[in-house]
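K.L.:
First the structure, then my questions, so here it is.
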Amino acid sequence: MSASAELRDDELIARRHLSAAPERVWAAFTSPASIAAFWGGSHATVPPGSVTVDLRPGGGFALDTRAPDGATRRLRFTYVSITAPRELVFDEPVTGLRTTVTVHPAGDGTHLTVHQRRLPPELRTAQAAGGLASILDALAAHLRH
Amino acid sequence: MPASLVAPGPDLDLAFAALGDPVRRALVTRLARGEATVGELAEPFDLTPQAISHHVGVLRRCGLVEQRREGTRRPCRLRVDQLSQLGTWIDEQRRAWDDRLDALERIIDQLPPGTATDEGVVR
């Protein structure tokens, strides 16, 4: 099943025109330094050293968000599909949220959309277990280097 | 607030799953205009009252619809309070992503250009 057919009924969360080429926007979503620079928005900071990216389906990315009061929370996402530099689909096993980020060239920049849908609870449980395992694998691989 | 700090509770899970079906979304849209019995709900659809009854059951179990007895009629009513909870959750997601994309917009020009590798559709 293609990701687009699977995601037909989801919710448009955000749409934005950015004055940068799609490749640059793609890099922003897939490189640890830039994820750290924008993921927390204006409400949280993301320590650059906390971001890990394993860019392959079944791999994932993870990061710490630090709220102004110092509360830190680790967020973990699992990549579902990766179509550079067009479409990035990732799940958050803990919340069962599937997010699709699409990037299209538009004029001298990029049109970006974010869609989200909830995964059915039965799928979420398997995803959560699988997600955790792949994150631990990724961490182990990272620690070996 | 980061998107992930906003996690809906268990009955929102059921409600989102229930609304994954186009017939059930159409039923919710119809009920937003006012109460209706299963027979009345079935009219605009090419579906049997039994099929509609099944969909109403799913919507009832997740708390989006309630059904009461009025003599021989059993009208269905939309639980607007429950539906607005879904709306609130989606709004929170929108705000979190808006905030995140504002930040992206501010830093995008300072980022390295990036090298696009055409990996094709991996899955």
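Naming works like this for the structure tokens: A, B, ... for the chains as they're shown, residue 1 at the start of each chain, ligands 1 onward in shown order.
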Find the spatial neighbours of B:Arg25, counting only C-alpha atoms, within a cut-off of 12 Å - ignore same-chain residues fewer than 5 positions away - and output them as a PyMOL selection string.
P.N.:
(chain A and resi 9) or (chain B and resi 15-20+30-32+55-56+58-59+64-65+78+83)
K.L.:
Based on only C-alpha atoms, which of the residues in chain A come within 9 Å of chain B? I want them as JSON, numbers by chain.
P.N.:
{"A": [1, 2, 3, 9, 10, 11, 12, 13, 14, 15, 16, 17, 18, 19, 20, 21, 22, 23, 24, 25, 26, 27, 28, 31, 33, 34, 35, 37, 38, 39, 40, 41, 42, 43, 44, 56, 57, 65, 67, 73, 75, 80, 81, 82, 83, 84, 85, 87, 92, 94, 95, 96, 97, 114, 116, 117, 118, 119, 120, 121]}
K.L.:
Expressed in Å to a single decimal, how great is the separation between atom CA of B:Ser84 and atom CA of B:Thr29?
P.N.:
13.3 Å
K.L.:
Mind pulling up the distance from atom CA of B:Cys76 to atom CA of B:Ala36?
P.N.:
5.4 Å
K.L.:
Write out as a short mmCIF file (atom, residue, chain, number, x, y, z; two decimals) with C-alpha atoms, in the first residue's frame all residues of stretch 37-133 of chain A that DSSP puts in alpha helix (DSSP H) for this structure's backbone.
P.N.:
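part.cif, written as the output of this step:
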data_model
loop_
_atom_site.label_atom_id
_atom_site.label_comp_id
_atom_site.auth_asym_id
_atom_site.auth_seq_id
_atom_site.Cartn_x
_atom_site.Cartn_y
_atom_site.Cartn_z
CA ALA A 37 17.60 24.28 15.79
CA PHE A 38 13.88 24.33 15.03
CA PRO A 121 -4.65 1.32 18.77
CA GLU A 122 -3.83 -2.29 17.82
CA LEU A 123 -1.22 -1.09 15.33
CA ARG A 124 0.16 1.37 17.86
CA THR A 125 1.06 -1.36 20.34
CA ALA A 126 3.11 -3.27 17.77
CA GLN A 127 4.59 -0.02 16.54
CA ALA A 128 5.53 1.03 20.06
CA ALA A 129 7.33 -2.26 20.70
CA GLY A 130 9.03 -2.23 17.29
CA GLY A 131 9.88 1.44 17.65
CA LEU A 132 11.49 0.94 21.01
CA ALA A 133 13.53 -2.01 19.74
#
K.L.:
Step one, run DSSP on the backbone; step two, keep only residues of stretch 65-121 of chain B assigned to strand (DSSP E or B); then write them as a ChimeraX atom specification.
P.N.:
/B:65-67,70,73,76-78
K.L.:
Restrict the selected residues to N, CA and C atoms and save them as a short mmCIF file (atom, residue, chain, number, x, y, z; two decimals), in the first residue's frame.
P.N.:
data_model
loop_
_atom_site.label_atom_id
_atom_site.label_comp_id
_atom_site.auth_asym_id
_atom_site.auth_seq_id
_atom_site.Cartn_x
_atom_site.Cartn_y
_atom_site.Cartn_z
N VAL B 65 -21.68 9.60 19.62
CA VAL B 65 -23.13 9.63 19.35
C VAL B 65 -23.85 8.97 20.53
N GLU B 66 -25.01 9.50 20.90
CA GLU B 66 -25.85 8.78 21.86
C GLU B 66 -27.22 8.54 21.25
N GLN B 67 -27.86 7.49 21.75
CA GLN B 67 -29.13 7.07 21.18
C GLN B 67 -30.10 6.88 22.34
N GLU B 70 -37.60 6.81 22.44
CA GLU B 70 -38.73 7.74 22.50
C GLU B 70 -39.93 7.00 21.94
N ARG B 73 -39.46 5.12 18.55
CA ARG B 73 -38.33 5.74 17.84
C ARG B 73 -37.07 5.67 18.70
N CYS B 76 -30.84 9.26 17.19
CA CYS B 76 -29.42 9.42 17.49
C CYS B 76 -29.10 10.90 17.59
N ARG B 77 -28.20 11.22 18.51
CA ARG B 77 -27.83 12.61 18.70
C ARG B 77 -26.30 12.69 18.75
N LEU B 78 -25.75 13.73 18.16
CA LEU B 78 -24.30 13.93 18.18
C LEU B 78 -23.89 14.51 19.53
#
K.L.:
Show which residues sit within 8 Å of B:Arg74, as a ChimeraX atom specification. Count only C-alpha atoms, and ignore same-chain residues fewer than 6 positions away.
P.N.:
/B:37-38,67-68
K.L.:
Could you take the residues named above and write them with N, CA and C atoms, as a PDB file, in the first residue's frame?
P.N.:
ATOM      1  N   THR B  37     -33.157   9.191  13.275  1.00  0.00           N
ATOM      2  CA  THR B  37     -33.201   7.751  13.551  1.00  0.00           C
ATOM      3  C   THR B  37     -32.315   7.036  12.542  1.00  0.00           C
ATOM      4  N   VAL B  38     -32.049   5.759  12.819  1.00  0.00           N
ATOM      5  CA  VAL B  38     -31.226   4.961  11.898  1.00  0.00           C
ATOM      6  C   VAL B  38     -31.867   4.926  10.508  1.00  0.00           C
ATOM      7  N   GLN B  67     -27.859   7.491  21.751  1.00  0.00           N
ATOM      8  CA  GLN B  67     -29.135   7.068  21.177  1.00  0.00           C
ATOM      9  C   GLN B  67     -30.098   6.883  22.338  1.00  0.00           C
ATOM     10  N   ARG B  68     -31.293   7.472  22.238  1.00  0.00           N
ATOM     11  CA  ARG B  68     -32.250   7.276  23.332  1.00  0.00           C
ATOM     12  C   ARG B  68     -33.553   6.708  22.783  1.00  0.00           C
TER      13      ARG B  68
END
K.L.:
Show me, as number ranges by chain, the residues that have an atom within 10 Å of B:Phe45 when counting only C-alpha atoms, minus same-chain residues fewer than 4 positions from it.
P.N.:
B: 23, 26-27, 40-41, 49, 52
